[in-house]
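Enquirer: Next comes entry_20.txt, compact mmCIF, C-alpha atoms:
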```
# COMPACT_ATOMS: atom_id res chain seq x y z
CA MET A 766 -51.43 47.26 -43.95
CA ASN A 767 -50.09 50.72 -43.05
CA HIS A 768 -46.28 50.43 -43.11
CA TRP A 769 -45.51 53.81 -41.55
CA PRO A 770 -45.67 52.66 -37.87
CA PHE A 771 -43.01 50.05 -38.72
CA VAL A 772 -40.87 52.64 -40.52
CA ILE A 773 -41.18 55.10 -37.60
CA ALA A 774 -40.30 52.37 -35.06
CA ALA A 775 -37.20 51.35 -37.05
CA TYR A 776 -35.95 54.93 -37.47
CA GLY A 777 -36.76 55.78 -33.83
CA LEU A 778 -34.79 52.83 -32.46
CA THR A 779 -31.85 53.53 -34.76
CA GLY A 780 -31.86 57.22 -33.78
CA LEU A 781 -31.98 56.40 -30.07
CA GLY A 782 -29.18 53.84 -30.35
CA SER A 783 -26.94 56.10 -32.44
CA VAL A 784 -27.44 59.20 -30.26
CA GLY A 785 -26.96 57.06 -27.14
CA VAL A 786 -23.62 55.56 -28.21
CA VAL A 787 -22.32 58.93 -29.47
CA LEU A 788 -23.24 60.70 -26.19
CA TRP A 789 -21.91 57.86 -24.02
CA SER A 790 -18.59 57.80 -25.92
CA TYR A 791 -18.29 61.62 -25.92
CA ILE A 792 -18.97 61.93 -22.16
CA ALA A 793 -16.55 59.06 -21.36
CA MET A 794 -13.85 60.68 -23.54
CA ARG A 795 -14.29 64.16 -22.04
CA LYS A 796 -14.29 62.78 -18.48
CA ALA A 797 -11.18 60.63 -19.06
CA GLU A 798 -9.24 63.35 -20.90
CA LYS A 799 -10.17 65.94 -18.27
CA ALA A 800 -8.93 63.64 -15.48
CA ALA A 801 -5.71 62.86 -17.41
CA GLY A 802 -5.23 66.58 -18.16
CA SER A 803 -5.60 67.63 -14.52
CA LEU A 804 -3.02 64.98 -13.62
CA GLU A 805 -0.59 66.52 -16.11
CA ARG A 806 -1.07 69.98 -14.56
CA ASP A 807 -0.49 68.61 -11.02
CA ARG A 808 2.90 67.10 -11.95
CA MET B 1456 2.26 51.40 -39.62
CA HIS B 1457 4.68 51.56 -36.69
CA ALA B 1458 5.00 55.29 -37.34
CA TYR B 1459 1.55 55.56 -35.71
CA ALA B 1460 2.37 53.14 -32.88
CA ASN B 1461 3.06 56.08 -30.62
CA PRO B 1462 -0.18 57.02 -28.78
CA ALA B 1463 0.87 60.71 -28.73
CA ARG B 1464 1.21 60.70 -32.52
CA PHE B 1465 -2.12 58.91 -32.86
CA LEU B 1466 -3.82 61.49 -30.59
CA LYS B 1467 -2.40 64.33 -32.67
CA ILE B 1468 -4.29 62.92 -35.66
CA ALA B 1469 -7.39 61.66 -33.79
CA ARG B 1470 -8.18 64.96 -32.01
CA PRO B 1471 -8.92 67.03 -35.15
CA LEU B 1472 -10.48 64.06 -36.99
CA THR B 1473 -13.08 63.25 -34.29
CA PRO B 1474 -15.27 66.40 -34.71
CA VAL B 1475 -14.88 66.29 -38.53
CA PHE B 1476 -16.12 62.67 -38.70
CA LEU B 1477 -18.88 63.38 -36.17
CA LEU B 1478 -20.22 66.49 -37.90
CA ALA B 1479 -20.00 65.06 -41.44
CA GLY B 1480 -21.62 61.83 -40.22
CA VAL B 1481 -24.55 63.62 -38.57
CA VAL B 1482 -25.18 65.81 -41.65
CA LEU B 1483 -25.07 62.85 -44.08
CA VAL B 1484 -27.23 60.59 -41.89
CA LEU B 1485 -29.86 63.33 -41.43
CA PHE B 1486 -29.88 64.16 -45.16
CA GLY B 1487 -29.97 60.50 -46.27
CA SER B 1488 -32.71 59.64 -43.76
CA PHE B 1489 -34.82 62.64 -44.81
CA ALA B 1490 -34.37 61.71 -48.48
CA GLY B 1491 -35.20 58.06 -47.77
CA LEU B 1492 -38.32 58.98 -45.82
CA PHE B 1493 -39.76 61.81 -47.92
CA MET B 1494 -38.01 62.12 -51.30
CA THR B 1495 -38.21 58.58 -52.69
CA PRO B 1496 -41.32 56.74 -53.95
CA PRO B 1497 -42.64 53.62 -52.16
CA ASP B 1498 -41.54 50.31 -53.66
CA TYR B 1499 -44.12 48.68 -55.94
CA LEU B 1500 -44.00 45.43 -53.90
CA GLN B 1501 -42.74 46.40 -50.42
CA GLY B 1502 -44.58 49.72 -50.20
CA ASP B 1503 -43.28 52.21 -47.60
CA SER B 1504 -41.49 49.52 -45.58
CA VAL B 1505 -38.65 49.72 -48.15
CA ARG B 1506 -37.60 52.97 -46.41
CA ILE B 1507 -36.19 50.84 -43.56
CA MET B 1508 -33.46 49.80 -46.05
CA TYR B 1509 -31.69 53.18 -45.61
CA ILE B 1510 -30.86 52.35 -41.98
CA HIS B 1511 -30.86 48.54 -42.11
CA VAL B 1512 -28.17 48.25 -44.81
CA PRO B 1513 -25.67 50.64 -43.12
CA ALA B 1514 -26.25 48.82 -39.80
CA ALA B 1515 -25.51 45.44 -41.46
CA TRP B 1516 -22.40 46.88 -43.15
CA LEU B 1517 -21.13 48.31 -39.86
CA GLY B 1518 -21.88 45.13 -37.89
CA MET B 1519 -19.81 43.07 -40.34
CA GLY B 1520 -17.25 45.83 -41.01
CA GLY B 1521 -16.77 46.26 -37.27
CA TRP B 1522 -15.85 42.62 -36.79
CA SER B 1523 -13.51 42.82 -39.80
CA GLY B 1524 -11.82 45.72 -37.97
CA ILE B 1525 -11.57 43.64 -34.78
CA ALA B 1526 -10.03 40.72 -36.73
CA ILE B 1527 -7.47 43.02 -38.41
CA ALA B 1528 -6.63 44.71 -35.08
CA SER B 1529 -6.23 41.26 -33.48
CA ILE B 1530 -3.80 40.11 -36.21
CA VAL B 1531 -1.84 43.38 -35.90
CA GLN B 1532 -1.69 42.94 -32.12
CA LEU B 1533 -0.53 39.31 -32.24
CA VAL B 1534 1.91 39.62 -35.15
CA TRP B 1535 3.36 43.13 -34.85
CA ARG B 1536 2.47 43.88 -31.18
CA HIS B 1537 1.22 47.30 -32.25
CA PRO B 1538 0.36 49.10 -28.98
CA LEU B 1539 -2.83 50.68 -30.36
CA ALA B 1540 -4.28 47.50 -31.90
CA GLY B 1541 -5.83 46.26 -28.66
CA VAL B 1542 -7.22 49.75 -27.93
CA ALA B 1543 -8.80 49.80 -31.41
CA GLY B 1544 -10.32 46.31 -31.04
CA ARG B 1545 -11.78 47.27 -27.66
CA ALA B 1546 -13.16 50.56 -29.05
CA ILE B 1547 -14.82 48.89 -32.06
CA ALA B 1548 -16.62 46.17 -30.08
CA VAL B 1549 -19.45 48.16 -28.44
CA PRO B 1550 -20.55 50.23 -31.50
CA GLY B 1551 -20.15 47.07 -33.61
CA ALA B 1552 -22.48 45.18 -31.27
CA LEU B 1553 -24.93 48.10 -31.26
CA PHE B 1554 -25.15 48.28 -35.06
CA THR B 1555 -25.49 44.47 -35.31
CA ALA B 1556 -28.42 44.71 -32.87
CA ILE B 1557 -29.90 47.60 -34.90
CA CYS B 1558 -29.54 45.49 -38.06
CA LEU B 1559 -31.38 42.58 -36.43
CA ILE B 1560 -34.16 44.75 -34.96
CA THR B 1561 -34.76 46.86 -38.08
CA GLY B 1562 -34.68 43.65 -40.18
CA SER B 1563 -37.28 42.13 -37.90
CA ILE B 1564 -39.46 45.27 -38.12
CA TRP B 1565 -39.05 45.20 -41.93
CA GLY B 1566 -39.92 41.49 -42.02
CA ARG B 1567 -43.30 41.79 -40.32
CA PRO B 1568 -45.10 43.81 -43.05
CA THR B 1569 -42.95 42.38 -45.90
CA TRP B 1570 -42.73 38.65 -45.10
CA GLY B 1571 -45.54 38.39 -42.53
CA THR B 1572 -43.18 37.33 -39.73
CA TRP B 1573 -40.93 39.05 -37.20
CA TRP B 1574 -38.30 36.30 -37.23
CA GLU B 1575 -37.31 33.20 -39.16
CA TRP B 1576 -34.46 30.86 -38.16
CA ASP B 1577 -32.86 30.97 -41.60
CA GLY B 1578 -29.17 31.24 -42.52
CA ARG B 1579 -28.91 35.05 -42.82
CA MET B 1580 -30.77 35.99 -39.66
CA THR B 1581 -29.26 33.22 -37.53
CA SER B 1582 -25.66 33.97 -38.64
CA MET B 1583 -26.25 37.67 -37.91
CA LEU B 1584 -27.54 36.75 -34.44
CA VAL B 1585 -24.39 34.65 -33.95
CA LEU B 1586 -22.36 37.78 -34.82
CA LEU B 1587 -24.14 39.69 -32.03
CA PHE B 1588 -23.29 36.89 -29.56
CA LEU B 1589 -19.66 36.99 -30.77
CA TYR B 1590 -19.53 40.74 -30.05
CA ILE B 1591 -20.98 40.20 -26.56
CA GLY B 1592 -18.36 37.48 -25.94
CA TYR B 1593 -15.56 39.76 -27.17
CA VAL B 1594 -16.69 42.64 -24.91
CA ALA B 1595 -16.88 40.27 -21.92
CA LEU B 1596 -13.40 38.84 -22.64
CA ALA B 1597 -11.86 42.29 -23.20
CA ASN B 1598 -13.37 43.62 -19.96
CA ALA B 1599 -12.11 40.59 -18.04
CA SER B 1600 -8.60 42.01 -18.49
CA ASP B 1601 -7.46 44.94 -16.32
CA GLU B 1602 -5.22 46.18 -19.11
CA ARG B 1603 -6.76 49.24 -20.80
CA THR B 1604 -4.24 49.70 -23.55
CA SER B 1605 -4.57 46.19 -24.94
CA VAL B 1606 -6.64 43.04 -24.94
CA SER B 1607 -5.45 39.61 -23.89
CA ARG B 1608 -4.03 37.08 -26.38
CA ALA B 1609 -7.15 34.96 -25.87
CA THR B 1610 -9.37 37.95 -26.77
CA ALA B 1611 -7.29 38.65 -29.89
CA ILE B 1612 -7.47 34.99 -30.97
CA PHE B 1613 -11.25 35.08 -30.36
CA GLY B 1614 -11.40 38.17 -32.63
CA ILE B 1615 -9.65 36.28 -35.45
CA VAL B 1616 -11.60 33.02 -35.04
CA GLY B 1617 -14.91 34.92 -34.95
CA ALA B 1618 -14.20 36.31 -38.41
CA VAL B 1619 -15.08 32.88 -39.85
CA ASN B 1620 -18.73 33.95 -39.39
CA LEU B 1621 -18.37 36.86 -41.87
CA PRO B 1622 -18.26 34.82 -45.11
CA ILE B 1623 -21.05 32.64 -43.69
CA ILE B 1624 -23.25 35.74 -43.27
CA ASN B 1625 -22.34 36.95 -46.75
CA ARG B 1626 -22.97 33.60 -48.51
CA SER B 1627 -25.91 32.47 -46.34
CA VAL B 1628 -28.54 33.65 -48.86
CA VAL B 1629 -26.78 31.63 -51.59
CA TRP B 1630 -26.07 28.45 -49.61
CA TRP B 1631 -29.50 28.09 -47.97
CA ASN B 1632 -33.10 28.91 -48.84
CA SER B 1633 -33.90 32.19 -47.16
CA LEU B 1634 -36.69 34.72 -46.83
CA HIS B 1635 -33.95 37.34 -47.12
CA GLN B 1636 -33.33 38.51 -50.68
CA LYS B 1637 -30.00 37.77 -52.38
CA SER B 1638 -27.37 40.54 -52.47
CA SER B 1639 -28.95 43.53 -54.23
CA ILE B 1640 -25.68 45.46 -54.55
CA THR B 1641 -22.61 43.70 -55.92
CA ILE B 1642 -19.47 44.84 -57.77
CA LYS B 1643 -21.38 44.15 -61.00
CA GLY B 1644 -24.04 46.71 -60.13
CA SER B 1645 -27.35 47.05 -58.30
CA THR B 1646 -30.75 45.46 -58.81
CA ILE B 1647 -32.41 48.33 -56.89
CA ALA B 1648 -34.09 51.03 -58.99
CA PRO B 1649 -31.91 54.21 -59.08
CA GLU B 1650 -34.75 56.41 -57.74
CA LEU B 1651 -34.86 54.19 -54.62
CA LEU B 1652 -31.12 53.56 -54.35
CA TRP B 1653 -29.54 57.02 -54.16
CA PRO B 1654 -30.29 57.94 -50.47
CA LEU B 1655 -28.45 54.77 -49.44
CA ALA B 1656 -25.08 56.34 -50.35
CA PRO B 1657 -25.34 59.25 -47.83
CA THR B 1658 -26.67 57.00 -45.03
CA VAL B 1659 -23.96 54.35 -45.57
CA VAL B 1660 -21.18 56.97 -45.66
CA GLY B 1661 -22.78 58.98 -42.83
CA PHE B 1662 -23.21 56.04 -40.44
CA THR B 1663 -19.66 54.89 -41.28
CA LEU B 1664 -18.29 58.33 -40.33
CA LEU B 1665 -20.37 58.30 -37.11
CA PHE B 1666 -19.00 54.84 -36.32
CA ALA B 1667 -15.44 56.06 -36.95
CA ALA B 1668 -16.02 59.08 -34.67
CA VAL B 1669 -17.35 56.81 -31.90
CA VAL B 1670 -14.33 54.48 -32.27
CA LEU B 1671 -11.92 57.44 -32.09
CA MET B 1672 -13.70 58.82 -29.00
CA ARG B 1673 -13.58 55.43 -27.26
CA MET B 1674 -9.88 54.98 -28.16
CA ARG B 1675 -9.11 58.45 -26.77
CA ALA B 1676 -11.05 57.64 -23.56
CA ASN B 1677 -9.20 54.33 -23.13
CA LEU B 1678 -5.79 55.96 -23.69
CA ALA B 1679 -6.58 58.74 -21.19
CA GLU B 1680 -7.79 56.21 -18.60
CA ALA B 1681 -4.66 54.12 -19.14
CA LYS B 1682 -2.50 57.20 -18.60
CA LEU B 1683 -4.37 57.96 -15.38
CA GLU B 1684 -4.07 54.39 -14.11
CA ALA B 1685 -0.34 54.25 -14.88
CA ARG B 1686 0.17 57.47 -12.92
CA MET B 1687 -1.87 56.15 -9.98
CA ARG B 1688 0.21 52.95 -9.96
CA ARG B 1689 3.44 54.95 -9.94
CA MET B 1690 2.13 57.11 -7.06
CA ALA B 1691 1.09 54.01 -5.10
CA ALA B 1692 4.51 52.41 -5.65
CA ALA B 1693 6.40 55.56 -4.59
```
Kindly return the structure encoded in the file as structure tokens.

Expert:
Amino acid sequence: MNHWPFVIAAYGLTGLGSVGVVLWSYIAMRKAEKAAGSLERDR
Amino acid sequence: MHAYANPARFLKIARPLTPVFLLAGVVLVLFGSFAGLFMTPPDYLQGDSVRIMYIHVPAAWLGMGGWSGIAIASIVQLVWRHPLAGVAGRAIAVPGALFTAICLITGSIWGRPTWGTWWEWDGRMTSMLVLLFLYIGYVALANASDERTSVSRATAIFGIVGAVNLPIINRSVVWWNSLHQKSSITIKGSTIAPELLWPLAPTVVGFTLLFAAVVLMRMRANLAEAKLEARMRRMAAA
């Protein structure tokens, strides 16, 4: 049995999951900090 | 510990640490994955499927380490009422659940060519699946509360009680017959050949740093949202 399709699937899923959670967290952080920062400036 | 109870003091440390953890994590994960895929020989029994180990083991470590973090944060919240403990528990839950799911999926993909089956209801796999359900329950409970800067007492107690599953996962391959091999790496040493083992160090450290960066980013987002909500409430009350 050729094991490489299994290896590629495992690495692909891990890559997608890791990049997804990093991007999601980064965008949420930037958005929240930007909103909180603009609030500070308006005070 | 209470010296860091002030969110402003925490943010002063978290802001420079986030990009450092993120960058170092990405570099180590890419290097370790490249080494695991192209610089190590195939295993004499498992063939090329052994390369899945370099992502499966860090995912298992982070799934279990994440819940350990939640349990510690829950104790700190209940005993010392540390204002950041709930934020930390909340921030750990989603990446913890993700890496537990990655552990289960990559283990299943590894199992098909190695054991001839995608899934077996044995102690190790079932207890790891229970951990994923515990994470989902924790996220649901934490989100049921409107409070951003903390989690409810019930959520914190759930975080502590759920930790009972961690020793079960760890000892499952000893207590019950399992397709899963016994612990290959212990404090006494490793049963894995050194030429196969070495890329595991950069992927374990790299994924741990990525996890830490994600937790810091989620804590920062929660603190900023809490600040915004508090301001909105004050404006509505005025």

Enquirer: If we count only C-alpha atoms, which residues of chain B reach to within 8 Å of chain A? Please list them as a PyMOL selection string.

Expert: chain B and resi 1502-1504+1506-1507+1510+1550+1553+1557+1560-1561+1564-1565+1568+1665+1669+1672-1673+1675-1677+1679-1680+1682-1683

Enquirer: Between atom CA of Arg1579 of chain B and atom CA of Ile1615 of chain B, what is the distance, to one decimal in Å?

Expert: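 Taking atom CA of Arg1579 of chain B and atom CA of Ile1615 of chain B, their separation equals 20.7 Å.
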
Enquirer: Please provide as number ranges by chain all residues within 9 Å of Thr1658 of chain B, with the sequence filter that same-chain residues fewer than 3 positions apart are discarded (counting only C-alpha atoms).

Expert: B: 1480, 1483-1488, 1509-1510, 1512-1513, 1654-1655, 1661-1663

Enquirer: Smallest atom-to-atom distance to Gly1571 of chain B: which of B:Ala1463, B:Gln1501, B:Ala1552, B:Ala1479, using only C-alpha atoms?

Expert: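 When distances to Gly1571 of chain B are compared using only C-alpha atoms, the smallest one comes from B:Gln1501.
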
Enquirer: Tell me which protein, DNA and RNA residues are within 12 Å of Trp1630 of chain B, counting all atoms listed in the file, leaving out same-chain ones fewer than 6 positions away, and put them as a list in words.

Expert: Asp1577, Gly1578, Arg1579, Pro1622, Ile1623, Ile1624 and Lys1637 of chain B
